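Trainee: Dumping the structure here so I can ask a few things about it.
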Amino acid sequence: MTDDARPSAFAARASRPAALRALLRAKRFFVAPGAYDCITARLVEVSGFPAAYVTGSGLSLSTLGAPDVGFVSYAEIRERIAAMADVTSLPLIADIDTGYGGPLNVMRTVKDLERAGVGALQIEDQAWPKKCGHEPGKRLVDVAEMTGRLAAALDARTDADLVIVARTDAVAVEGLDAALDRAHAYVEAGADVIFVEAPPTREALARVAREVRAPLLANMVEGGRTPLLPRDELAALGYAFAIYPNALTRTFARAGLDMLASLAATGGTAEWRSRMLDHDELWSLFESAAWYALERRFAGPPARADR
């Protein structure tokens, strides 16, 4: 059986860090939609996107039913990201919050998730417990502690192509000037990509792009603090790529509520059938033919009936 006939969980893969590096080197703006589980990771891949962003807030909501308040443990994060990496060949850009402890914890996180097969790891300068970047109440560590986190992450990676994204949440806490100062320090510390969280205006987004000399990530949050700019405008400003962390989460929640309201009102799902995948379509999305073929290969001959 060839690798391309195997389900994704058993297929050989090219280096995902190298694939993400190639996207960045090409300097063609791309979009990495947010994913938080195997279903959403698979949807992003079959929809033709070149990368997926593992959203910490979406993972918290789907794992524990809690908002992004630093409630999910590292073990839960690691298990979920490893499972997602198994079902997609895309480079995953994984949100690892603050690294889950001191420098040694950061190093362990990088080692574990590099082995799991991610393409990039994003680490931020908040104090633990962290908060969603578009919510109040954030606290920052000082620049020295954050650059220590970055140094630990860079030292821990064994694949030099693994992309380290440095995020600063300083805009909401200390202002844009301080956020830019931090961004420059993180570039100097060796970060591969800079993520300035929550610039509140188009001009603030533009200023970040003018002043930071590194590939830049733009975070597009529906209803968040940053204006939603179209792809072409973000590219023209100078951003390397954009993430849409919870576009799927919000869409699923809205569609789910609407479908359930219809089910409660009508007693059935007939009105929603055209907006659903049917049984075979859903199973095909998850490579059912390849799973069955692999099972048959090793199942042995069928048992003989008694005569």
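Scheme for the structure tokens: letters A, B, ... for chains in order shown; per-chain residue numbers from 1; ligand numbers from 1 in order shown.
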Which neighbours of stretch 290-301 of chain A fall inside 9 Å, counting only C-alpha atoms, when residues of the same chain fewer than 3 positions from it are skipped, and could you give them as a PDB file with N, CA and C atoms, in the first residue's frame?
Mentor:
ATOM      1  N   MET A   1       0.849  -1.198   0.000  1.00  0.00           N
ATOM      2  CA  MET A   1       0.000   0.000   0.000  1.00  0.00           C
ATOM      3  C   MET A   1       0.880   1.242   0.000  1.00  0.00           C
ATOM      4  N   ALA A   5      -2.278   6.153  -0.214  1.00  0.00           N
ATOM      5  CA  ALA A   5      -3.492   5.375  -0.032  1.00  0.00           C
ATOM      6  C   ALA A   5      -3.799   5.133   1.437  1.00  0.00           C
ATOM      7  N   ARG A   6      -2.904   5.531   2.318  1.00  0.00           N
ATOM      8  CA  ARG A   6      -3.129   5.351   3.748  1.00  0.00           C
ATOM      9  C   ARG A   6      -3.914   6.526   4.303  1.00  0.00           C
ATOM     10  N   PRO A   7      -4.672   6.304   5.384  1.00  0.00           N
ATOM     11  CA  PRO A   7      -5.261   7.464   6.061  1.00  0.00           C
ATOM     12  C   PRO A   7      -4.146   8.336   6.638  1.00  0.00           C
ATOM     13  N   SER A   8      -4.459   9.600   6.841  1.00  0.00           N
ATOM     14  CA  SER A   8      -3.439  10.561   7.248  1.00  0.00           C
ATOM     15  C   SER A   8      -2.691  10.140   8.502  1.00  0.00           C
ATOM     16  N   PHE A 286     -13.228  12.078   6.354  1.00  0.00           N
ATOM     17  CA  PHE A 286     -12.202  11.509   7.224  1.00  0.00           C
ATOM     18  C   PHE A 286     -11.629  10.210   6.668  1.00  0.00           C
ATOM     19  N   GLU A 287     -11.583  10.110   5.321  1.00  0.00           N
ATOM     20  CA  GLU A 287     -10.821   9.079   4.606  1.00  0.00           C
ATOM     21  C   GLU A 287     -11.297   7.663   4.929  1.00  0.00           C
ATOM     22  N   ARG A 304     -13.974 -19.298   7.307  1.00  0.00           N
ATOM     23  CA  ARG A 304     -14.779 -20.242   6.520  1.00  0.00           C
ATOM     24  C   ARG A 304     -16.031 -20.596   7.296  1.00  0.00           C
TER      25      ARG A 304
END
Trainee: Give me, as a tab-separated table, each residue of stretch 20-134 of chain A that comes within 10 Å of stretch 181-192 of chain A, together with its shortest interatomic pair and the distance in Å at one decimal, counting only C-alpha atoms, with rows ordered by chain and rising residue number.
Mentor:
residue	atom	partner	partner_atom	distance
A:Arg21	CA	A:Asp192	CA	9.5
A:Leu24	CA	A:Asp192	CA	9.7
A:Ala120	CA	A:Asp192	CA	9.5
A:Gln122	CA	A:Ala191	CA	9.7
A:Ile123	CA	A:Ala191	CA	9.8
A:Asp125	CA	A:Arg182	CA	9.2
Trainee: Would you kindly return, as JSON, numbers by chain, each protein, DNA or RNA residue with an atom no farther than 12 Å from any atom of stretch 149-152 of chain A, considering only C-alpha atoms and excluding same-chain residues fewer than 6 positions away?
Mentor: {"A": [96, 97, 98, 99, 100, 101, 102, 103, 104, 105, 106, 107, 108, 109, 110, 111, 121, 122, 123, 124, 125, 126, 127, 141, 142, 143, 163, 164, 165, 166, 167, 185, 186, 187, 188, 189, 190, 191, 192, 193, 194]}
Trainee: With C-alpha atoms retained, export the selected residues as a PDB file, in the first residue's frame.
Mentor:
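Just written: part.pdb:
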ATOM      1  CA  ILE A  96       1.538  27.500  23.456  1.00  0.00           C
ATOM      2  CA  ASP A  97       0.569  30.506  25.602  1.00  0.00           C
ATOM      3  CA  THR A  98       3.494  31.333  27.935  1.00  0.00           C
ATOM      4  CA  GLY A  99       5.229  27.967  27.540  1.00  0.00           C
ATOM      5  CA  TYR A 100       3.566  26.526  30.678  1.00  0.00           C
ATOM      6  CA  GLY A 101       6.186  27.474  33.256  1.00  0.00           C
ATOM      7  CA  GLY A 102       9.818  28.510  33.449  1.00  0.00           C
ATOM      8  CA  PRO A 103      12.548  28.047  30.840  1.00  0.00           C
ATOM      9  CA  LEU A 104      12.751  24.290  31.390  1.00  0.00           C
ATOM     10  CA  ASN A 105       9.008  23.978  30.853  1.00  0.00           C
ATOM     11  CA  VAL A 106       9.317  25.995  27.653  1.00  0.00           C
ATOM     12  CA  MET A 107      12.050  23.642  26.453  1.00  0.00           C
ATOM     13  CA  ARG A 108       9.960  20.580  27.225  1.00  0.00           C
ATOM     14  CA  THR A 109       6.968  22.076  25.405  1.00  0.00           C
ATOM     15  CA  VAL A 110       9.057  22.779  22.315  1.00  0.00           C
ATOM     16  CA  LYS A 111      10.621  19.296  22.318  1.00  0.00           C
ATOM     17  CA  LEU A 121       5.091  27.445  18.021  1.00  0.00           C
ATOM     18  CA  GLN A 122       3.759  30.761  19.308  1.00  0.00           C
ATOM     19  CA  ILE A 123       4.855  32.015  22.715  1.00  0.00           C
ATOM     20  CA  GLU A 124       3.651  35.205  24.391  1.00  0.00           C
ATOM     21  CA  ASP A 125       4.787  37.732  26.981  1.00  0.00           C
ATOM     22  CA  GLN A 126       1.849  37.525  29.356  1.00  0.00           C
ATOM     23  CA  ALA A 127       2.148  36.427  32.968  1.00  0.00           C
ATOM     24  CA  VAL A 141       6.243  39.713  32.231  1.00  0.00           C
ATOM     25  CA  ASP A 142       9.242  41.970  31.704  1.00  0.00           C
ATOM     26  CA  VAL A 143      11.207  41.917  28.459  1.00  0.00           C
ATOM     27  CA  VAL A 163       9.270  28.548  13.323  1.00  0.00           C
ATOM     28  CA  ILE A 164       9.139  30.427  16.642  1.00  0.00           C
ATOM     29  CA  VAL A 165       6.462  33.118  16.781  1.00  0.00           C
ATOM     30  CA  ALA A 166       6.825  35.796  19.472  1.00  0.00           C
ATOM     31  CA  ARG A 167       3.612  37.460  20.558  1.00  0.00           C
ATOM     32  CA  ALA A 185      13.601  43.129  21.342  1.00  0.00           C
ATOM     33  CA  TYR A 186      12.005  39.841  20.308  1.00  0.00           C
ATOM     34  CA  VAL A 187      13.369  40.167  16.780  1.00  0.00           C
ATOM     35  CA  GLU A 188      16.802  40.761  18.271  1.00  0.00           C
ATOM     36  CA  ALA A 189      16.335  37.677  20.468  1.00  0.00           C
ATOM     37  CA  GLY A 190      15.860  35.530  17.367  1.00  0.00           C
ATOM     38  CA  ALA A 191      12.094  35.173  16.903  1.00  0.00           C
ATOM     39  CA  ASP A 192      11.186  34.138  13.362  1.00  0.00           C
ATOM     40  CA  VAL A 193       7.761  35.812  13.253  1.00  0.00           C
ATOM     41  CA  ILE A 194       6.326  38.681  15.308  1.00  0.00           C
TER      42      ILE A 194
END
Trainee: Could you work out how far atom CA of A:Met259 lies from atom CA of A:Asp280, giving the answer in Å with one decimal?
Mentor: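 The value is 20.2 Å.
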Trainee: Which residues in stretch 138-306 of chain A does DSSP call strand (DSSP E or B)? List them as number ranges by chain.
Mentor: A: 140, 163-168, 193-196, 216-219, 241-244
Trainee: Which of these residues is nearest to A:Ala51, using only C-alpha atoms: A:Phe10, A:Trp283, A:Phe29, A:Trp272?
Mentor: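 The closest residue to A:Ala51 is A:Phe29.
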Trainee: Please identify every residue of stretch 61-152 of chain A that has at least one atom no farther than 12 Å from an atom of stretch 46-50 of chain A, counting only C-alpha atoms, and for each give the shortest atom pair and the distance in Å to one decimal, arranged by chain then increasing number, as a Markdown table.
Mentor:
| residue | atom | partner | partner_atom | distance |
| --- | --- | --- | --- | --- |
| A:Val87 | CA | A:Val46 | CA | 11.2 |
| A:Thr88 | CA | A:Val46 | CA | 9.2 |
| A:Ser89 | CA | A:Pro50 | CA | 9.5 |
| A:Leu90 | CA | A:Pro50 | CA | 6.4 |
| A:Pro91 | CA | A:Pro50 | CA | 7.5 |
| A:Leu92 | CA | A:Pro50 | CA | 9.6 |
| A:Ile93 | CA | A:Pro50 | CA | 11.1 |
| A:Gly119 | CA | A:Pro50 | CA | 11.4 |
Trainee: Smallest atom-to-atom distance to A:Phe195: which of A:Ala52, A:Ala240, A:Val173, A:Ala235, using only C-alpha atoms?
Mentor: A:Ala240
Trainee: Mind checking DSSP for stretch 27-262 of chain A and telling me the helix (DSSP H, G or I) residues as a PyMOL selection string?
Mentor: chain A and resi 38-46+56-64+74-87+103-116+143-156+170-174+176-188+202-211+231-237+247-262
Trainee: Work out how far atom CA of A:Leu248 is from atom CA of A:Thr40, in Å to one decimal.
Mentor: 7.5 Å
